[in-house]
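Engineer: Take this structure, written in structure tokens, and hold onto it; I'll ask about it next.
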Amino acid sequence: MRTAIYIDGFNLYYGSLKGTPYRWLDLREACRRALKAHHEFVLIRYFTAHITPRPIAPHDHGPEHQKLYLKALQVELDPSDWTGIEAC
């Protein structure tokens, strides 16, 4: 079965990953484990809003960490199986 995966990055982070050691989740592996073997991945899209630094927290590194994570997601994906990650 051809399967497209759409991930809401905000809800994934705040609902499952924040405060855990699993912030650098391997999305491809997580999707593979969540679905049955007869699924053929044709697309994965990761949607998120770009975060901005908070003026009351001058040492907030959230935006830099997010940019690094989004770059890592793009590198992680195998172009032969996946069309890519989109941050919107």
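Chain lettering (A, B, ...) mirrors the order of the structure tokens, residue numbering begins at 1 for each chain separately, and ligand numbering begins at 1 in order of display.
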If you run DSSP on the backbone, which residues of chain A are helix (DSSP H, G or I), as a VMD selection string?
Structural biologist: chain A and resid 9 to 17 27 to 34 62 to 76
Engineer: The selected residues should be written to file as a tab-separated table (two decimals), in the first residue's frame (atoms: C-alpha atoms).
Structural biologist:
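Written output follows (again33.tsv):
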chain	number	residue	atom	x	y	z
A	9	GLY	CA	6.35	18.96	14.15
A	10	PHE	CA	4.86	21.21	16.85
A	11	ASN	CA	2.57	18.50	18.20
A	12	LEU	CA	5.23	15.80	17.84
A	13	TYR	CA	7.71	17.84	19.88
A	14	TYR	CA	5.39	19.19	22.59
A	15	GLY	CA	3.22	16.06	22.76
A	16	SER	CA	5.88	13.37	22.73
A	17	LEU	CA	9.50	14.52	22.67
A	27	LEU	CA	11.58	9.86	11.69
A	28	ARG	CA	12.05	7.23	9.01
A	29	GLU	CA	12.56	4.49	11.59
A	30	ALA	CA	9.66	5.73	13.74
A	31	CYS	CA	7.34	5.63	10.71
A	32	ARG	CA	8.60	2.20	9.68
A	33	ARG	CA	7.90	0.82	13.17
A	34	ALA	CA	4.48	2.46	13.40
A	62	GLY	CA	15.70	27.34	20.37
A	63	PRO	CA	15.84	28.85	16.86
A	64	GLU	CA	19.40	27.61	16.28
A	65	HIS	CA	18.52	24.15	17.59
A	66	GLN	CA	15.47	24.01	15.31
A	67	LYS	CA	17.52	25.00	12.24
A	68	LEU	CA	20.06	22.30	13.07
A	69	TYR	CA	17.30	19.69	13.53
A	70	LEU	CA	15.62	20.60	10.22
A	71	LYS	CA	18.95	20.39	8.42
A	72	ALA	CA	19.61	16.98	9.99
A	73	LEU	CA	16.20	15.75	8.83
A	74	GLN	CA	16.99	16.75	5.26
A	75	VAL	CA	20.34	14.93	5.35
A	76	GLU	CA	18.86	11.81	6.97
Engineer: Residues within 9 Å of Ile7 of chain A, please, as a list of chain:residue names. Count only C-alpha atoms; anything in the same chain fewer than 4 positions from it doesn't count.
Structural biologist: A:Asn11, A:Leu12, A:Ile44, A:Arg45, A:Tyr46, A:Phe47, A:Thr48
Engineer: Between atom CA of Asp26 of chain A and atom CA of His38 of chain A, measure the distance and give it in Å to one decimal.
Structural biologist: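 Going from atom CA of Asp26 of chain A over to atom CA of His38 of chain A, I get 20.2 Å.
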Engineer: What is the atom CA of Leu43 of chain A-atom CA of Ile5 of chain A distance in Å, reported with one decimal?
Structural biologist: 6.1 Å
Engineer: What is the distance between atom CA of Leu35 of chain A and atom CA of Met1 of chain A, in Å to one decimal?
Structural biologist: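 Atom CA of Met1 of chain A lies at a distance of 10.7 Å from atom CA of Leu35 of chain A.
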Engineer: From a DSSP calculation on the backbone, collect every residue of chain A in strand (DSSP E) and output the set as a PyMOL selection string.
Structural biologist: chain A and resi 2-8+40-47
Engineer: May I have the residues within 7 Å of Arg2 of chain A as a list in words, using only C-alpha atoms and disregarding those fewer than 5 positions away in the same chain?
Structural biologist: His39, Glu40, Phe41 and Val42 of chain A
